[in-house]
Amino acid sequence: RECNAMQTIDIPSSVDSIDSGAFYGCQGLIQLTLNEGLISIGADAFRGCQALVTVTLPNSLLNIGDRAFYECKSMTMAKFGTGLESLGTYAFRSCSALNVDITLPETLKNIGFGAFEYCSKLPAIMVQGSVERIEGSTFHDCFALQEISLPSTVKYVGRSAFCACRALDSIALPDSLTMIDNEAFYGCSILRSFVLPELLDTIGDKAFYDCDALTEIEFNDALIYIGNEAFRRSSNL
């Protein structure tokens with residue numbers, strides 16, 4: 001931890017787990033090699049490694065802990081392996097240089113709260129697997145996000161999940177979706193139109209507040225609740 005002179009790390013294949021905070025604040029770390037055999041990365045493991053540029057995660061990796069790569073502010077690319085099941089809370093929060101498309105694998109089951117919050121240069125992400133919840137603030141302030149693909153299993157989009165995604169002009173909401181929580185798409189200023197899924201029954205407060213470019217929404221028969229100011233300042237509707 002806080003080994004500021006360390007520039008490279010090669011984790012051998014004999015290591016199956018990196019414990020919490022193991023390399024927290026190693027600000028000189030530039031190159032990280034994670035070999036096959038690694039199963040788990042603990043909470044805060046590489047948090048604040050501000051010189052780290054890229055990370056390639058092995059196919060054997062199942063779990064990435066909370067805040068594992070939080071504030072790795074020089075990271076431009078994160079390549080995910082094919083076996084990941086769980087991505088922790090704030091796992092890549094404030095990786096503000098991340099500017100390469102991300103594909104999450106078909107094995108994925110859970111994405112934690114704020115996992116990609118403040119990844120302000122992230123252009124596109126494909127979420128696969130059996131994920132049922134896009135938790136609150138998952139993509140909050142991803143200003144450059146233009147494309148997002150969600151799996152057919154998603155039932156819930158959390159509070160502020162896509163808040164201030166200013167470059168997002170369209171999104172395909174899966175048929176399984178039942179709830180859009182408060183402020184989910186607040187400030188998505190160029191989001192134009194989309195169809196609400198047939199099973200959707202709840203649209204939360206300020207869910208589409210300040211979505212100026214919205215021109216059309218097709219409501220469904222299952223809708224029970226539309227929250228306060230849900231479409232306020234969406235002036236072209």
# chains A, B, ... in the order shown; residues from 1 in each chain; ligands from 1

call {"tool": "residues_around", "arguments": {"residues": "region 32-39 of chain A", "least_positions_apart": "3", "cutoff": "7 Å", "atoms": "only C-alpha atoms", "output": "PyMOL selection string"}}
result
chain A and resi 8-17+55+57-63

call {"tool": "closest_residue", "arguments": {"among": "A:Gly42, A:Gly187, A:Gly48, A:Pro151", "to": "Cys72 (chain A)", "atoms": "only C-alpha atoms"}}
result
A:Gly48

call {"tool": "residues_around", "arguments": {"residues": "Met6 (chain A)", "least_positions_apart": "5", "cutoff": "12 Å", "atoms": "only C-alpha atoms", "output": "list in words"}}
result
Arg1, Phe23, Tyr24, Gly25, Cys26, Gln27, Gly28, Leu29, Ile30, Gln31, Leu32, Cys49, Ala51 and Leu52 of chain A

call {"tool": "closest_residue", "arguments": {"among": "A:Val157, A:Val127, A:Cys142, A:Leu237", "to": "Glu183 (chain A)", "atoms": "only C-alpha atoms"}}
result
A:Val157

call {"tool": "select_by_dssp", "arguments": {"residues": "region 12-203 of chain A", "states": "strand (DSSP E)", "output": "PDB file with N, CA and C atoms, in the first residue's frame"}}
result
ATOM      1  N   SER A  17      -6.219 -14.541  -5.285  1.00  0.00           N
ATOM      2  CA  SER A  17      -6.957 -13.450  -4.658  1.00  0.00           C
ATOM      3  C   SER A  17      -6.018 -12.304  -4.294  1.00  0.00           C
ATOM      4  N   ILE A  18      -6.453 -11.079  -4.562  1.00  0.00           N
ATOM      5  CA  ILE A  18      -5.745  -9.882  -4.128  1.00  0.00           C
ATOM      6  C   ILE A  18      -6.596  -9.246  -3.042  1.00  0.00           C
ATOM      7  N   GLN A  31       2.092   0.011 -15.039  1.00  0.00           N
ATOM      8  CA  GLN A  31       1.773  -1.222 -15.755  1.00  0.00           C
ATOM      9  C   GLN A  31       1.370  -2.313 -14.778  1.00  0.00           C
ATOM     10  N   LEU A  32       0.228  -2.943 -15.049  1.00  0.00           N
ATOM     11  CA  LEU A  32      -0.303  -3.997 -14.193  1.00  0.00           C
ATOM     12  C   LEU A  32      -0.633  -5.213 -15.046  1.00  0.00           C
ATOM     13  N   THR A  33      -0.045  -6.363 -14.681  1.00  0.00           N
ATOM     14  CA  THR A  33      -0.338  -7.612 -15.376  1.00  0.00           C
ATOM     15  C   THR A  33      -1.026  -8.566 -14.400  1.00  0.00           C
ATOM     16  N   LEU A  34      -2.237  -8.958 -14.751  1.00  0.00           N
ATOM     17  CA  LEU A  34      -3.014  -9.899 -13.949  1.00  0.00           C
ATOM     18  C   LEU A  34      -3.160 -11.191 -14.745  1.00  0.00           C
ATOM     19  N   SER A  40     -10.384 -13.268  -7.532  1.00  0.00           N
ATOM     20  CA  SER A  40     -11.015 -12.164  -6.814  1.00  0.00           C
ATOM     21  C   SER A  40     -10.056 -11.000  -6.594  1.00  0.00           C
ATOM     22  N   ILE A  41     -10.565  -9.774  -6.799  1.00  0.00           N
ATOM     23  CA  ILE A  41      -9.847  -8.544  -6.466  1.00  0.00           C
ATOM     24  C   ILE A  41     -10.628  -7.864  -5.356  1.00  0.00           C
ATOM     25  N   THR A  54      -3.720   1.246 -18.296  1.00  0.00           N
ATOM     26  CA  THR A  54      -4.630   0.217 -18.814  1.00  0.00           C
ATOM     27  C   THR A  54      -4.665  -0.963 -17.851  1.00  0.00           C
ATOM     28  N   VAL A  55      -5.776  -1.689 -17.909  1.00  0.00           N
ATOM     29  CA  VAL A  55      -5.868  -2.934 -17.150  1.00  0.00           C
ATOM     30  C   VAL A  55      -6.617  -3.961 -17.990  1.00  0.00           C
ATOM     31  N   THR A  56      -6.030  -5.164 -18.070  1.00  0.00           N
ATOM     32  CA  THR A  56      -6.672  -6.292 -18.743  1.00  0.00           C
ATOM     33  C   THR A  56      -6.968  -7.341 -17.691  1.00  0.00           C
ATOM     34  N   ASN A  63     -14.826 -11.891  -9.343  1.00  0.00           N
ATOM     35  CA  ASN A  63     -15.321 -10.788  -8.513  1.00  0.00           C
ATOM     36  C   ASN A  63     -14.342  -9.618  -8.478  1.00  0.00           C
ATOM     37  N   ILE A  64     -14.884  -8.413  -8.667  1.00  0.00           N
ATOM     38  CA  ILE A  64     -14.135  -7.173  -8.477  1.00  0.00           C
ATOM     39  C   ILE A  64     -14.792  -6.442  -7.316  1.00  0.00           C
ATOM     40  N   MET A  77      -8.156   2.496 -20.616  1.00  0.00           N
ATOM     41  CA  MET A  77      -8.799   1.273 -21.109  1.00  0.00           C
ATOM     42  C   MET A  77      -8.912   0.247 -19.992  1.00  0.00           C
ATOM     43  N   ALA A  78     -10.069  -0.387 -19.906  1.00  0.00           N
ATOM     44  CA  ALA A  78     -10.276  -1.537 -19.031  1.00  0.00           C
ATOM     45  C   ALA A  78     -10.900  -2.643 -19.874  1.00  0.00           C
ATOM     46  N   LYS A  79     -10.174  -3.751 -20.008  1.00  0.00           N
ATOM     47  CA  LYS A  79     -10.673  -4.874 -20.802  1.00  0.00           C
ATOM     48  C   LYS A  79     -11.093  -5.993 -19.853  1.00  0.00           C
ATOM     49  N   SER A  86     -19.416 -10.501 -10.677  1.00  0.00           N
ATOM     50  CA  SER A  86     -19.821  -9.417  -9.802  1.00  0.00           C
ATOM     51  C   SER A  86     -18.864  -8.239  -9.885  1.00  0.00           C
ATOM     52  N   LEU A  87     -19.437  -7.043 -10.065  1.00  0.00           N
ATOM     53  CA  LEU A  87     -18.677  -5.799 -10.144  1.00  0.00           C
ATOM     54  C   LEU A  87     -19.138  -4.912  -8.997  1.00  0.00           C
ATOM     55  N   ILE A 102     -16.465  -0.333 -23.544  1.00  0.00           N
ATOM     56  CA  ILE A 102     -16.395  -1.449 -22.602  1.00  0.00           C
ATOM     57  C   ILE A 102     -17.474  -2.459 -22.923  1.00  0.00           C
ATOM     58  N   THR A 103     -17.095  -3.737 -22.892  1.00  0.00           N
ATOM     59  CA  THR A 103     -18.051  -4.837 -23.005  1.00  0.00           C
ATOM     60  C   THR A 103     -17.967  -5.669 -21.741  1.00  0.00           C
ATOM     61  N   ASN A 110     -24.169  -9.080 -11.247  1.00  0.00           N
ATOM     62  CA  ASN A 110     -24.399  -7.887 -10.427  1.00  0.00           C
ATOM     63  C   ASN A 110     -23.448  -6.751 -10.795  1.00  0.00           C
ATOM     64  N   ILE A 111     -24.002  -5.535 -10.845  1.00  0.00           N
ATOM     65  CA  ILE A 111     -23.209  -4.311 -10.986  1.00  0.00           C
ATOM     66  C   ILE A 111     -23.533  -3.427  -9.790  1.00  0.00           C
ATOM     67  N   ALA A 124     -19.011   4.268 -24.770  1.00  0.00           N
ATOM     68  CA  ALA A 124     -20.037   3.244 -24.990  1.00  0.00           C
ATOM     69  C   ALA A 124     -19.794   2.068 -24.056  1.00  0.00           C
ATOM     70  N   ILE A 125     -20.883   1.401 -23.667  1.00  0.00           N
ATOM     71  CA  ILE A 125     -20.751   0.203 -22.841  1.00  0.00           C
ATOM     72  C   ILE A 125     -21.856  -0.779 -23.189  1.00  0.00           C
ATOM     73  N   MET A 126     -21.467  -2.056 -23.279  1.00  0.00           N
ATOM     74  CA  MET A 126     -22.425  -3.135 -23.494  1.00  0.00           C
ATOM     75  C   MET A 126     -22.494  -3.962 -22.222  1.00  0.00           C
ATOM     76  N   ARG A 133     -30.583  -5.443 -12.129  1.00  0.00           N
ATOM     77  CA  ARG A 133     -30.673  -4.081 -11.595  1.00  0.00           C
ATOM     78  C   ARG A 133     -29.499  -3.230 -12.095  1.00  0.00           C
ATOM     79  N   ILE A 134     -29.839  -2.083 -12.667  1.00  0.00           N
ATOM     80  CA  ILE A 134     -28.842  -1.047 -12.914  1.00  0.00           C
ATOM     81  C   ILE A 134     -28.952  -0.115 -11.709  1.00  0.00           C
ATOM     82  N   GLU A 147     -23.605   5.366 -26.327  1.00  0.00           N
ATOM     83  CA  GLU A 147     -24.282   4.096 -26.572  1.00  0.00           C
ATOM     84  C   GLU A 147     -24.282   3.254 -25.306  1.00  0.00           C
ATOM     85  N   ILE A 148     -25.437   2.677 -24.999  1.00  0.00           N
ATOM     86  CA  ILE A 148     -25.568   1.755 -23.874  1.00  0.00           C
ATOM     87  C   ILE A 148     -26.480   0.616 -24.299  1.00  0.00           C
ATOM     88  N   SER A 149     -26.031  -0.596 -24.066  1.00  0.00           N
ATOM     89  CA  SER A 149     -26.840  -1.773 -24.368  1.00  0.00           C
ATOM     90  C   SER A 149     -27.102  -2.516 -23.072  1.00  0.00           C
ATOM     91  N   TYR A 156     -34.929  -3.111 -13.224  1.00  0.00           N
ATOM     92  CA  TYR A 156     -34.892  -1.881 -12.436  1.00  0.00           C
ATOM     93  C   TYR A 156     -33.750  -0.984 -12.894  1.00  0.00           C
ATOM     94  N   VAL A 157     -34.064   0.297 -13.122  1.00  0.00           N
ATOM     95  CA  VAL A 157     -33.057   1.322 -13.385  1.00  0.00           C
ATOM     96  C   VAL A 157     -33.081   2.275 -12.201  1.00  0.00           C
ATOM     97  N   MET A 179     -39.416  -0.751 -13.377  1.00  0.00           N
ATOM     98  CA  MET A 179     -39.311   0.496 -12.623  1.00  0.00           C
ATOM     99  C   MET A 179     -38.147   1.356 -13.096  1.00  0.00           C
ATOM    100  N   ILE A 180     -38.438   2.642 -13.307  1.00  0.00           N
ATOM    101  CA  ILE A 180     -37.429   3.668 -13.549  1.00  0.00           C
ATOM    102  C   ILE A 180     -37.468   4.579 -12.324  1.00  0.00           C
ATOM    103  N   SER A 193     -36.168  10.037 -28.062  1.00  0.00           N
ATOM    104  CA  SER A 193     -37.410   9.275 -27.915  1.00  0.00           C
ATOM    105  C   SER A 193     -37.097   7.824 -27.604  1.00  0.00           C
ATOM    106  N   PHE A 194     -38.072   7.138 -27.033  1.00  0.00           N
ATOM    107  CA  PHE A 194     -37.954   5.720 -26.758  1.00  0.00           C
ATOM    108  C   PHE A 194     -39.342   5.191 -26.428  1.00  0.00           C
ATOM    109  N   VAL A 195     -39.465   3.877 -26.419  1.00  0.00           N
ATOM    110  CA  VAL A 195     -40.734   3.221 -26.090  1.00  0.00           C
ATOM    111  C   VAL A 195     -40.632   2.662 -24.678  1.00  0.00           C
ATOM    112  N   THR A 202     -43.747   1.914 -12.994  1.00  0.00           N
ATOM    113  CA  THR A 202     -43.374   3.059 -12.173  1.00  0.00           C
ATOM    114  C   THR A 202     -42.321   3.928 -12.844  1.00  0.00           C
ATOM    115  N   ILE A 203     -42.615   5.222 -12.906  1.00  0.00           N
ATOM    116  CA  ILE A 203     -41.640   6.224 -13.338  1.00  0.00           C
ATOM    117  C   ILE A 203     -41.468   7.191 -12.170  1.00  0.00           C
TER     118      ILE A 203
END

call {"tool": "residues_around", "arguments": {"residues": "region 159-165 of chain A", "least_positions_apart": "4", "cutoff": "12 Å", "atoms": "only C-alpha atoms", "output": "MDAnalysis selection string"}}
result
chainID A and resid 111:124 133:148 169:171 179:191 203:211

call {"tool": "write_last_selection", "arguments": {"atoms": "C-alpha atoms", "output": "PDB file, in the first residue's frame"}}
result
ATOM      1  CA  ILE A 111     -23.209  -4.311 -10.986  1.00  0.00           C
ATOM      2  CA  GLY A 112     -22.739  -2.268  -7.834  1.00  0.00           C
ATOM      3  CA  PHE A 113     -23.942   1.244  -7.057  1.00  0.00           C
ATOM      4  CA  GLY A 114     -21.987   3.947  -8.904  1.00  0.00           C
ATOM      5  CA  ALA A 115     -19.701   1.426 -10.621  1.00  0.00           C
ATOM      6  CA  PHE A 116     -18.825   3.801 -13.490  1.00  0.00           C
ATOM      7  CA  GLU A 117     -19.884   7.109 -11.947  1.00  0.00           C
ATOM      8  CA  TYR A 118     -17.836  10.107 -13.152  1.00  0.00           C
ATOM      9  CA  CYS A 119     -16.228   8.146 -15.993  1.00  0.00           C
ATOM     10  CA  SER A 120     -16.723  11.303 -17.985  1.00  0.00           C
ATOM     11  CA  LYS A 121     -15.016  10.168 -21.236  1.00  0.00           C
ATOM     12  CA  LEU A 122     -16.513   6.676 -21.522  1.00  0.00           C
ATOM     13  CA  PRO A 123     -18.111   6.536 -25.014  1.00  0.00           C
ATOM     14  CA  ALA A 124     -20.037   3.244 -24.990  1.00  0.00           C
ATOM     15  CA  ARG A 133     -30.673  -4.081 -11.595  1.00  0.00           C
ATOM     16  CA  ILE A 134     -28.842  -1.047 -12.914  1.00  0.00           C
ATOM     17  CA  GLU A 135     -28.165   0.420  -9.492  1.00  0.00           C
ATOM     18  CA  GLY A 136     -28.258   4.074  -8.571  1.00  0.00           C
ATOM     19  CA  SER A 137     -25.618   6.364 -10.089  1.00  0.00           C
ATOM     20  CA  THR A 138     -24.090   3.537 -12.142  1.00  0.00           C
ATOM     21  CA  PHE A 139     -23.397   5.885 -15.077  1.00  0.00           C
ATOM     22  CA  HIS A 140     -23.958   9.226 -13.356  1.00  0.00           C
ATOM     23  CA  ASP A 141     -22.029  12.041 -15.058  1.00  0.00           C
ATOM     24  CA  CYS A 142     -20.768   9.868 -17.902  1.00  0.00           C
ATOM     25  CA  PHE A 143     -20.892  12.956 -20.085  1.00  0.00           C
ATOM     26  CA  ALA A 144     -19.507  11.282 -23.240  1.00  0.00           C
ATOM     27  CA  LEU A 145     -21.660   8.147 -23.125  1.00  0.00           C
ATOM     28  CA  GLN A 146     -23.333   7.769 -26.524  1.00  0.00           C
ATOM     29  CA  GLU A 147     -24.282   4.096 -26.572  1.00  0.00           C
ATOM     30  CA  ILE A 148     -25.568   1.755 -23.874  1.00  0.00           C
ATOM     31  CA  ASP A 169     -29.478  10.334 -27.668  1.00  0.00           C
ATOM     32  CA  SER A 170     -31.263   6.975 -27.539  1.00  0.00           C
ATOM     33  CA  ILE A 171     -31.630   3.906 -25.365  1.00  0.00           C
ATOM     34  CA  MET A 179     -39.311   0.496 -12.623  1.00  0.00           C
ATOM     35  CA  ILE A 180     -37.429   3.668 -13.549  1.00  0.00           C
ATOM     36  CA  ASP A 181     -36.403   5.314 -10.278  1.00  0.00           C
ATOM     37  CA  ASN A 182     -36.073   8.984  -9.347  1.00  0.00           C
ATOM     38  CA  GLU A 183     -33.857  11.168 -11.552  1.00  0.00           C
ATOM     39  CA  ALA A 184     -32.770   8.129 -13.590  1.00  0.00           C
ATOM     40  CA  PHE A 185     -32.372  10.132 -16.815  1.00  0.00           C
ATOM     41  CA  TYR A 186     -32.238  13.630 -15.295  1.00  0.00           C
ATOM     42  CA  GLY A 187     -30.372  16.014 -17.580  1.00  0.00           C
ATOM     43  CA  CYS A 188     -30.022  13.662 -20.570  1.00  0.00           C
ATOM     44  CA  SER A 189     -30.411  16.723 -22.731  1.00  0.00           C
ATOM     45  CA  ILE A 190     -30.223  15.122 -26.207  1.00  0.00           C
ATOM     46  CA  LEU A 191     -32.251  11.988 -25.462  1.00  0.00           C
ATOM     47  CA  ILE A 203     -41.640   6.224 -13.338  1.00  0.00           C
ATOM     48  CA  GLY A 204     -40.027   8.039 -10.420  1.00  0.00           C
ATOM     49  CA  ASP A 205     -39.746  11.700  -9.462  1.00  0.00           C
ATOM     50  CA  LYS A 206     -37.809  13.838 -11.955  1.00  0.00           C
ATOM     51  CA  ALA A 207     -36.979  10.689 -13.933  1.00  0.00           C
ATOM     52  CA  PHE A 208     -36.778  12.627 -17.219  1.00  0.00           C
ATOM     53  CA  TYR A 209     -36.316  16.132 -15.829  1.00  0.00           C
ATOM     54  CA  ASP A 210     -34.529  18.503 -18.208  1.00  0.00           C
ATOM     55  CA  CYS A 211     -34.594  16.113 -21.175  1.00  0.00           C
TER      56      CYS A 211
END

call {"tool": "closest_residue", "arguments": {"among": "A:Ala213, A:Leu196, A:Ala45, A:Ser130", "to": "Ala167 (chain A)", "atoms": "only C-alpha atoms"}}
result
A:Ala213

call {"tool": "atom_distance", "arguments": {"atom1": "CA of Val131 (chain A)", "atom2": "CA of Leu84 (chain A)"}}
result
11.9 Å

call {"tool": "atom_distance", "arguments": {"atom1": "CA of Met75 (chain A)", "atom2": "CA of Thr107 (chain A)"}}
result
24.0 Å

call {"tool": "atom_distance", "arguments": {"atom1": "CA of Ser94 (chain A)", "atom2": "CA of Gly21 (chain A)"}}
result
17.3 Å

call {"tool": "closest_residue", "arguments": {"among": "A:Glu198, A:Ala172, A:Phe69, A:Val53", "to": "Val100 (chain A)", "atoms": "only C-alpha atoms"}}
result
A:Val53

call {"tool": "residues_around", "arguments": {"residues": "Ser152 (chain A)", "least_positions_apart": "6", "cutoff": "9 Å", "atoms": "only C-alpha atoms", "output": "ChimeraX atom specification"}}
result
/A:128-132,173-177

call {"tool": "write_last_selection", "arguments": {"atoms": "all heavy atoms", "output": "PDB file, in the first residue's frame"}}
result
ATOM      1  N   GLN A 128     -23.954  -7.202 -20.500  1.00  0.00           N
ATOM      2  CA  GLN A 128     -24.526  -8.510 -20.830  1.00  0.00           C
ATOM      3  C   GLN A 128     -24.777  -9.294 -19.540  1.00  0.00           C
ATOM      4  O   GLN A 128     -24.662  -8.777 -18.449  1.00  0.00           O
ATOM      5  CB  GLN A 128     -23.565  -9.273 -21.747  1.00  0.00           C
ATOM      6  CG  GLN A 128     -23.252  -8.547 -23.051  1.00  0.00           C
ATOM      7  CD  GLN A 128     -22.342  -9.357 -23.942  1.00  0.00           C
ATOM      8  OE1 GLN A 128     -22.773  -9.986 -24.907  1.00  0.00           O
ATOM      9  NE2 GLN A 128     -21.057  -9.323 -23.630  1.00  0.00           N
ATOM     10  N   GLY A 129     -25.155 -10.550 -19.699  1.00  0.00           N
ATOM     11  CA  GLY A 129     -25.342 -11.417 -18.550  1.00  0.00           C
ATOM     12  C   GLY A 129     -26.769 -11.419 -18.044  1.00  0.00           C
ATOM     13  O   GLY A 129     -27.718 -11.072 -18.758  1.00  0.00           O
ATOM     14  N   SER A 130     -26.921 -11.768 -16.750  1.00  0.00           N
ATOM     15  CA  SER A 130     -28.254 -11.893 -16.141  1.00  0.00           C
ATOM     16  C   SER A 130     -28.511 -10.759 -15.156  1.00  0.00           C
ATOM     17  O   SER A 130     -29.258 -10.936 -14.182  1.00  0.00           O
ATOM     18  CB  SER A 130     -28.382 -13.249 -15.440  1.00  0.00           C
ATOM     19  OG  SER A 130     -27.343 -13.425 -14.481  1.00  0.00           O
ATOM     20  N   VAL A 131     -27.926  -9.623 -15.392  1.00  0.00           N
ATOM     21  CA  VAL A 131     -28.089  -8.458 -14.518  1.00  0.00           C
ATOM     22  C   VAL A 131     -29.558  -8.039 -14.477  1.00  0.00           C
ATOM     23  O   VAL A 131     -30.187  -7.863 -15.520  1.00  0.00           O
ATOM     24  CB  VAL A 131     -27.223  -7.287 -15.020  1.00  0.00           C
ATOM     25  CG1 VAL A 131     -27.484  -6.021 -14.211  1.00  0.00           C
ATOM     26  CG2 VAL A 131     -25.745  -7.650 -14.958  1.00  0.00           C
ATOM     27  N   GLU A 132     -30.109  -7.885 -13.273  1.00  0.00           N
ATOM     28  CA  GLU A 132     -31.506  -7.475 -13.118  1.00  0.00           C
ATOM     29  C   GLU A 132     -31.655  -6.028 -12.686  1.00  0.00           C
ATOM     30  O   GLU A 132     -32.723  -5.434 -12.865  1.00  0.00           O
ATOM     31  CB  GLU A 132     -32.215  -8.380 -12.100  1.00  0.00           C
ATOM     32  CG  GLU A 132     -32.361  -9.813 -12.575  1.00  0.00           C
ATOM     33  CD  GLU A 132     -33.243 -10.633 -11.652  1.00  0.00           C
ATOM     34  OE1 GLU A 132     -33.735 -10.093 -10.632  1.00  0.00           O
ATOM     35  OE2 GLU A 132     -33.470 -11.819 -11.976  1.00  0.00           O
ATOM     36  N   LEU A 173     -34.822   0.279 -23.910  1.00  0.00           N
ATOM     37  CA  LEU A 173     -35.162  -0.245 -22.592  1.00  0.00           C
ATOM     38  C   LEU A 173     -35.706  -1.664 -22.740  1.00  0.00           C
ATOM     39  O   LEU A 173     -36.606  -1.900 -23.543  1.00  0.00           O
ATOM     40  CB  LEU A 173     -36.197   0.658 -21.920  1.00  0.00           C
ATOM     41  CG  LEU A 173     -35.750   2.101 -21.677  1.00  0.00           C
ATOM     42  CD1 LEU A 173     -36.910   2.933 -21.145  1.00  0.00           C
ATOM     43  CD2 LEU A 173     -34.571   2.152 -20.711  1.00  0.00           C
ATOM     44  N   PRO A 174     -35.161  -2.622 -21.982  1.00  0.00           N
ATOM     45  CA  PRO A 174     -35.580  -4.023 -22.165  1.00  0.00           C
ATOM     46  C   PRO A 174     -37.029  -4.257 -21.755  1.00  0.00           C
ATOM     47  O   PRO A 174     -37.582  -3.563 -20.896  1.00  0.00           O
ATOM     48  CB  PRO A 174     -34.616  -4.794 -21.251  1.00  0.00           C
ATOM     49  CG  PRO A 174     -34.132  -3.800 -20.268  1.00  0.00           C
ATOM     50  CD  PRO A 174     -34.113  -2.481 -20.960  1.00  0.00           C
ATOM     51  N   ASP A 175     -37.637  -5.260 -22.358  1.00  0.00           N
ATOM     52  CA  ASP A 175     -39.038  -5.571 -22.107  1.00  0.00           C
ATOM     53  C   ASP A 175     -39.302  -5.971 -20.657  1.00  0.00           C
ATOM     54  O   ASP A 175     -40.433  -5.856 -20.171  1.00  0.00           O
ATOM     55  CB  ASP A 175     -39.499  -6.714 -23.025  1.00  0.00           C
ATOM     56  CG  ASP A 175     -39.544  -6.300 -24.481  1.00  0.00           C
ATOM     57  OD1 ASP A 175     -39.594  -5.082 -24.749  1.00  0.00           O
ATOM     58  OD2 ASP A 175     -39.509  -7.190 -25.352  1.00  0.00           O
ATOM     59  N   SER A 176     -38.258  -6.437 -19.963  1.00  0.00           N
ATOM     60  CA  SER A 176     -38.397  -6.899 -18.578  1.00  0.00           C
ATOM     61  C   SER A 176     -38.496  -5.757 -17.571  1.00  0.00           C
ATOM     62  O   SER A 176     -38.854  -5.980 -16.410  1.00  0.00           O
ATOM     63  CB  SER A 176     -37.193  -7.774 -18.218  1.00  0.00           C
ATOM     64  OG  SER A 176     -35.979  -7.063 -18.471  1.00  0.00           O
ATOM     65  N   LEU A 177     -38.207  -4.523 -17.980  1.00  0.00           N
ATOM     66  CA  LEU A 177     -38.110  -3.387 -17.058  1.00  0.00           C
ATOM     67  C   LEU A 177     -39.460  -3.051 -16.431  1.00  0.00           C
ATOM     68  O   LEU A 177     -40.460  -2.880 -17.124  1.00  0.00           O
ATOM     69  CB  LEU A 177     -37.577  -2.163 -17.805  1.00  0.00           C
ATOM     70  CG  LEU A 177     -37.238  -0.936 -16.953  1.00  0.00           C
ATOM     71  CD1 LEU A 177     -36.067  -1.226 -16.029  1.00  0.00           C
ATOM     72  CD2 LEU A 177     -36.918   0.257 -17.851  1.00  0.00           C
TER      73      LEU A 177
END

call {"tool": "decode", "arguments": {"residues": "region 58-85 of chain A", "atoms": "C-alpha atoms", "output": "compact mmCIF listing (two decimals), in the first residue's frame"}}
result
# COMPACT_ATOMS: atom_id res chain seq x y z
CA PRO A 58 -8.24 -12.35 -16.85
CA ASN A 59 -11.01 -14.71 -17.86
CA SER A 60 -10.67 -16.51 -14.52
CA LEU A 61 -11.67 -13.38 -12.55
CA LEU A 62 -15.10 -13.73 -10.91
CA ASN A 63 -15.32 -10.79 -8.51
CA ILE A 64 -14.13 -7.17 -8.48
CA GLY A 65 -14.58 -5.61 -5.05
CA ASP A 66 -15.95 -2.24 -4.01
CA ARG A 67 -13.80 0.71 -5.13
CA ALA A 68 -11.18 -1.68 -6.56
CA PHE A 69 -10.07 0.82 -9.24
CA TYR A 70 -11.62 3.98 -7.76
CA GLU A 71 -9.85 7.18 -8.89
CA CYS A 72 -7.42 5.53 -11.29
CA LYS A 73 -7.54 8.83 -13.12
CA SER A 74 -5.06 8.00 -15.92
CA MET A 75 -6.75 4.74 -16.92
CA THR A 76 -7.83 4.92 -20.56
CA MET A 77 -8.80 1.27 -21.11
CA ALA A 78 -10.28 -1.54 -19.03
CA LYS A 79 -10.67 -4.87 -20.80
CA PHE A 80 -12.91 -7.37 -19.04
CA GLY A 81 -12.49 -11.13 -19.15
CA THR A 82 -15.20 -13.63 -20.00
CA GLY A 83 -15.90 -14.98 -16.50
CA LEU A 84 -16.75 -11.93 -14.37
CA GLU A 85 -19.85 -12.38 -12.17
